[in-house]
Amino acid sequence: MDVEGPLRERLVDAGVELVLSEGTAAVGLREIARRAGVSHGAPRRYFPTHQALLSAIARRGFEELGARSAAATAGTAVPRDELAALARVYVTYALERRGMFELMFRHDLLDSGEQSGTPDVPRLREATLPMFQRVTELVARCRAQALEPSAAVTAAALWANLHGIAQLWSWGSLQLALGGEGSDRHDRLIEAALDAHLGPMAS
């Protein structure tokens with residue numbers, strides 16, 4: 001029976017729970033060990049550094065976001081519609097899983113470089129880059145342009161716009177600016193962002 005795999009997953013589960021309930025700053029190897037019911041030295045066998053632990057937790061977030069994105073875009077053939085679905089999933093995930101969302105894109109805290117990680121665990125960059133590449137492909141198809149470099153720049157600007165919507169909405173700043181908390185307001189902001197970067201949809 002492989003007890004090593006389940007123990008590692010249990011430690012990551014505890015980390016995910018801690019990130020969602022208390023935020024990234026609360027995550028430490030000792031607290032993870034306490035929550036998982038193991039000795040305080042046990043996490044070091046799997047996560048030699050705090051960065052490695054945070055990266056394993058963030059990878060779980062990308063897996064979850066990827067699954068939600070795949071479900072939302074299943075059967076969608078129109079690039080603009082697929083991009084809109086991905087945008088809504090992205091912002092909704094940010095609002096529902098705030099602690100995880102904030103961690104996932106903090107590459108200053110994560111093992112995301114070429115040489116990071118252990119040989120048997122994919123680098124975090126291999127979980128994050130496909131998402132951006134997919135957005136870039138969809139932007140290129142929407143604008144009938146070559147993939148590089150203009151589509152990538154537009155995709156990056158759109159991503160930054162969506163990330164800002166998610167963050168400012170979670171802080172309450174956009175509700176204040178817009179004068180209310182209508183449930184459809186962030187959907188309308190997403191549509192405005194798509195229009196700004198891709199042009200309005202033909203009527």
# chains A, B, ... in the order shown; residues from 1 in each chain; ligands from 1
>>> residues_around(residues="A:Pro79", least_positions_apart="5", cutoff="7 Å", atoms="only C-alpha atoms", output="NGL selection string")
:A and (138 or 141-142)
>>> write_last_selection(atoms="N, CA and C atoms", output="PDB file, in the first residue's frame")
ATOM      1  N   LEU A 138      -7.538  32.127 -28.587  1.00  0.00           N
ATOM      2  CA  LEU A 138      -8.913  32.602 -28.794  1.00  0.00           C
ATOM      3  C   LEU A 138      -8.939  34.062 -29.213  1.00  0.00           C
ATOM      4  N   ARG A 141      -8.084  34.217 -32.840  1.00  0.00           N
ATOM      5  CA  ARG A 141      -9.203  33.802 -33.689  1.00  0.00           C
ATOM      6  C   ARG A 141     -10.297  34.870 -33.725  1.00  0.00           C
ATOM      7  N   CYS A 142     -10.514  35.532 -32.601  1.00  0.00           N
ATOM      8  CA  CYS A 142     -11.531  36.599 -32.569  1.00  0.00           C
ATOM      9  C   CYS A 142     -11.139  37.774 -33.449  1.00  0.00           C
TER      10      CYS A 142
END
>>> atom_distance(atom1="atom CA of A:Thr136", atom2="atom CA of A:Ser55")
24.2 Å
>>> select_by_dssp(residues="stretch 20-147 of chain A", states="alpha helix (DSSP H)", output="number ranges by chain")
A: 20-22, 29-36, 50-73, 79-96, 98-104, 125-143
>>> atom_distance(atom1="atom CA of A:Glu126", atom2="atom CA of A:Glu63")
11.3 Å
>>> atom_distance(atom1="atom CA of A:Met131", atom2="atom CA of A:Arg88")
14.1 Å
>>> residues_around(residues="A:Ser170", least_positions_apart="6", cutoff="12 Å", atoms="only C-alpha atoms", output="MDAnalysis selection string")
chainID A and resid 91:99 101:102 163:164 176 181 186
>>> write_last_selection(atoms="C-alpha atoms", output="PDB file, in the first residue's frame")
ATOM      1  CA  VAL A  91     -13.882  36.050 -12.212  1.00  0.00           C
ATOM      2  CA  THR A  92     -16.378  33.737 -10.485  1.00  0.00           C
ATOM      3  CA  TYR A  93     -13.563  31.501  -9.270  1.00  0.00           C
ATOM      4  CA  ALA A  94     -11.754  34.543  -7.894  1.00  0.00           C
ATOM      5  CA  LEU A  95     -14.811  35.613  -5.915  1.00  0.00           C
ATOM      6  CA  GLU A  96     -15.624  32.127  -4.613  1.00  0.00           C
ATOM      7  CA  ARG A  97     -12.068  30.953  -3.845  1.00  0.00           C
ATOM      8  CA  ARG A  98     -10.440  34.224  -2.905  1.00  0.00           C
ATOM      9  CA  GLY A  99      -7.489  32.925  -0.883  1.00  0.00           C
ATOM     10  CA  PHE A 101      -6.952  32.848  -6.356  1.00  0.00           C
ATOM     11  CA  GLU A 102      -4.628  35.311  -4.644  1.00  0.00           C
ATOM     12  CA  HIS A 163      -7.833  40.076 -12.847  1.00  0.00           C
ATOM     13  CA  GLY A 164      -8.427  43.680 -11.871  1.00  0.00           C
ATOM     14  CA  LEU A 176     -18.736  51.609  -4.573  1.00  0.00           C
ATOM     15  CA  GLU A 181     -24.066  45.649  -5.750  1.00  0.00           C
ATOM     16  CA  HIS A 186     -19.449  41.983 -12.757  1.00  0.00           C
TER      17      HIS A 186
END
>>> residues_around(residues="stretch 16-26 of chain A", least_positions_apart="6", cutoff="12 Å", atoms="only C-alpha atoms", output="VMD selection string")
chain A and resid 9 to 10 32 to 36 50 to 51 53 to 62 64 94 to 106 109 to 110
>>> write_last_selection(atoms="N, CA, C and O atoms", output="CSV table (one decimal), in the first residue's frame")
chain,number,residue,atom,x,y,z
A,9,GLU,N,-0.9,14.1,-0.3
A,9,GLU,CA,-2.2,14.7,-0.6
A,9,GLU,C,-2.9,15.3,0.6
A,9,GLU,O,-3.6,16.3,0.5
A,10,ARG,N,-2.8,14.6,1.7
A,10,ARG,CA,-3.4,15.0,2.9
A,10,ARG,C,-2.8,16.4,3.4
A,10,ARG,O,-3.5,17.3,3.9
A,32,ILE,N,0.4,23.1,8.9
A,32,ILE,CA,-0.1,22.1,8.0
A,32,ILE,C,0.1,20.7,8.6
A,32,ILE,O,-0.9,19.9,8.6
A,33,ALA,N,1.2,20.5,9.3
A,33,ALA,CA,1.4,19.2,10.0
A,33,ALA,C,0.4,19.0,11.1
A,33,ALA,O,-0.2,17.9,11.2
A,34,ARG,N,0.1,20.1,11.8
A,34,ARG,CA,-0.9,20.0,12.9
A,34,ARG,C,-2.2,19.6,12.4
A,34,ARG,O,-2.9,18.7,12.9
A,35,ARG,N,-2.6,20.3,11.3
A,35,ARG,CA,-4.0,20.0,10.8
A,35,ARG,C,-4.1,18.6,10.1
A,35,ARG,O,-5.1,18.1,10.1
A,36,ALA,N,-3.0,18.2,9.6
A,36,ALA,CA,-3.0,16.8,9.0
A,36,ALA,C,-2.8,15.7,10.0
A,36,ALA,O,-2.9,14.5,9.7
A,50,HIS,N,9.2,26.3,2.0
A,50,HIS,CA,7.8,26.9,2.1
A,50,HIS,C,7.3,27.1,0.7
A,50,HIS,O,6.1,27.0,0.4
A,51,GLN,N,8.2,27.5,-0.2
A,51,GLN,CA,7.8,27.8,-1.6
A,51,GLN,C,7.3,26.6,-2.3
A,51,GLN,O,6.3,26.6,-3.0
A,53,LEU,N,5.8,24.0,-0.8
A,53,LEU,CA,4.4,23.8,-0.3
A,53,LEU,C,3.4,24.7,-0.9
A,53,LEU,O,2.3,24.2,-1.3
A,54,LEU,N,3.7,26.0,-1.0
A,54,LEU,CA,2.7,26.9,-1.6
A,54,LEU,C,2.5,26.5,-3.1
A,54,LEU,O,1.3,26.7,-3.6
A,55,SER,N,3.5,26.1,-3.7
A,55,SER,CA,3.3,25.7,-5.2
A,55,SER,C,2.4,24.5,-5.3
A,55,SER,O,1.6,24.4,-6.2
A,56,ALA,N,2.5,23.5,-4.4
A,56,ALA,CA,1.7,22.3,-4.5
A,56,ALA,C,0.2,22.7,-4.2
A,56,ALA,O,-0.7,22.2,-4.9
A,57,ILE,N,0.0,23.7,-3.3
A,57,ILE,CA,-1.4,24.2,-3.0
A,57,ILE,C,-1.9,24.9,-4.3
A,57,ILE,O,-3.0,24.7,-4.7
A,58,ALA,N,-1.1,25.8,-4.8
A,58,ALA,CA,-1.5,26.6,-6.0
A,58,ALA,C,-1.8,25.7,-7.2
A,58,ALA,O,-2.8,25.9,-7.9
A,59,ARG,N,-1.0,24.6,-7.4
A,59,ARG,CA,-1.3,23.7,-8.5
A,59,ARG,C,-2.7,23.1,-8.3
A,59,ARG,O,-3.4,22.9,-9.3
A,60,ARG,N,-3.1,22.8,-7.1
A,60,ARG,CA,-4.4,22.3,-6.9
A,60,ARG,C,-5.5,23.3,-7.4
A,60,ARG,O,-6.5,22.9,-8.0
A,61,GLY,N,-5.2,24.6,-7.1
A,61,GLY,CA,-6.1,25.6,-7.6
A,61,GLY,C,-6.2,25.7,-9.1
A,61,GLY,O,-7.3,25.8,-9.7
A,62,PHE,N,-5.1,25.5,-9.8
A,62,PHE,CA,-5.1,25.5,-11.3
A,62,PHE,C,-5.8,24.3,-11.8
A,62,PHE,O,-6.5,24.4,-12.8
A,64,GLU,N,-8.4,22.9,-10.4
A,64,GLU,CA,-9.8,23.1,-10.1
A,64,GLU,C,-10.3,24.2,-11.2
A,64,GLU,O,-11.4,24.0,-11.7
A,94,ALA,N,-12.4,33.6,-8.8
A,94,ALA,CA,-11.8,34.5,-7.9
A,94,ALA,C,-12.6,35.0,-6.7
A,94,ALA,O,-12.1,35.1,-5.6
A,95,LEU,N,-13.9,35.2,-7.0
A,95,LEU,CA,-14.8,35.6,-5.9
A,95,LEU,C,-15.2,34.5,-4.9
A,95,LEU,O,-15.4,34.7,-3.8
A,96,GLU,N,-15.2,33.3,-5.5
A,96,GLU,CA,-15.6,32.1,-4.6
A,96,GLU,C,-14.4,31.5,-3.9
A,96,GLU,O,-14.6,31.0,-2.8
A,97,ARG,N,-13.3,31.6,-4.4
A,97,ARG,CA,-12.1,31.0,-3.8
A,97,ARG,C,-11.0,32.0,-3.7
A,97,ARG,O,-9.8,31.9,-4.2
A,98,ARG,N,-11.3,33.0,-2.9
A,98,ARG,CA,-10.4,34.2,-2.9
A,98,ARG,C,-9.0,33.9,-2.5
A,98,ARG,O,-8.0,34.4,-3.1
A,99,GLY,N,-8.8,33.2,-1.4
A,99,GLY,CA,-7.5,32.9,-0.9
A,99,GLY,C,-6.7,32.2,-1.9
A,99,GLY,O,-5.5,32.5,-2.1
A,100,MET,N,-7.3,31.2,-2.5
A,100,MET,CA,-6.6,30.4,-3.5
A,100,MET,C,-6.2,31.2,-4.7
A,100,MET,O,-5.1,31.1,-5.3
A,101,PHE,N,-7.2,32.0,-5.2
A,101,PHE,CA,-7.0,32.8,-6.4
A,101,PHE,C,-5.8,33.8,-6.1
A,101,PHE,O,-4.9,34.0,-7.0
A,102,GLU,N,-5.7,34.4,-4.9
A,102,GLU,CA,-4.6,35.3,-4.6
A,102,GLU,C,-3.3,34.6,-4.6
A,102,GLU,O,-2.3,35.2,-5.0
A,103,LEU,N,-3.2,33.4,-4.2
A,103,LEU,CA,-2.0,32.6,-4.2
A,103,LEU,C,-1.6,32.2,-5.6
A,103,LEU,O,-0.4,32.3,-5.9
A,104,MET,N,-2.5,31.7,-6.4
A,104,MET,CA,-2.2,31.1,-7.7
A,104,MET,C,-1.3,32.0,-8.6
A,104,MET,O,-0.5,31.4,-9.4
A,105,PHE,N,-1.4,33.3,-8.5
A,105,PHE,CA,-0.7,34.1,-9.4
A,105,PHE,C,0.4,34.9,-8.8
A,105,PHE,O,1.0,35.8,-9.4
A,106,ARG,N,0.8,34.5,-7.6
A,106,ARG,CA,1.9,35.1,-6.9
A,106,ARG,C,3.2,34.3,-7.2
A,106,ARG,O,3.7,33.6,-6.4
A,109,LEU,N,6.1,34.1,-5.0
A,109,LEU,CA,6.1,33.2,-3.8
A,109,LEU,C,6.2,31.7,-4.2
A,109,LEU,O,6.3,30.8,-3.4
A,110,LEU,N,6.1,31.4,-5.5
A,110,LEU,CA,5.9,30.0,-6.0
A,110,LEU,C,7.1,29.5,-6.7
A,110,LEU,O,7.9,30.3,-7.3
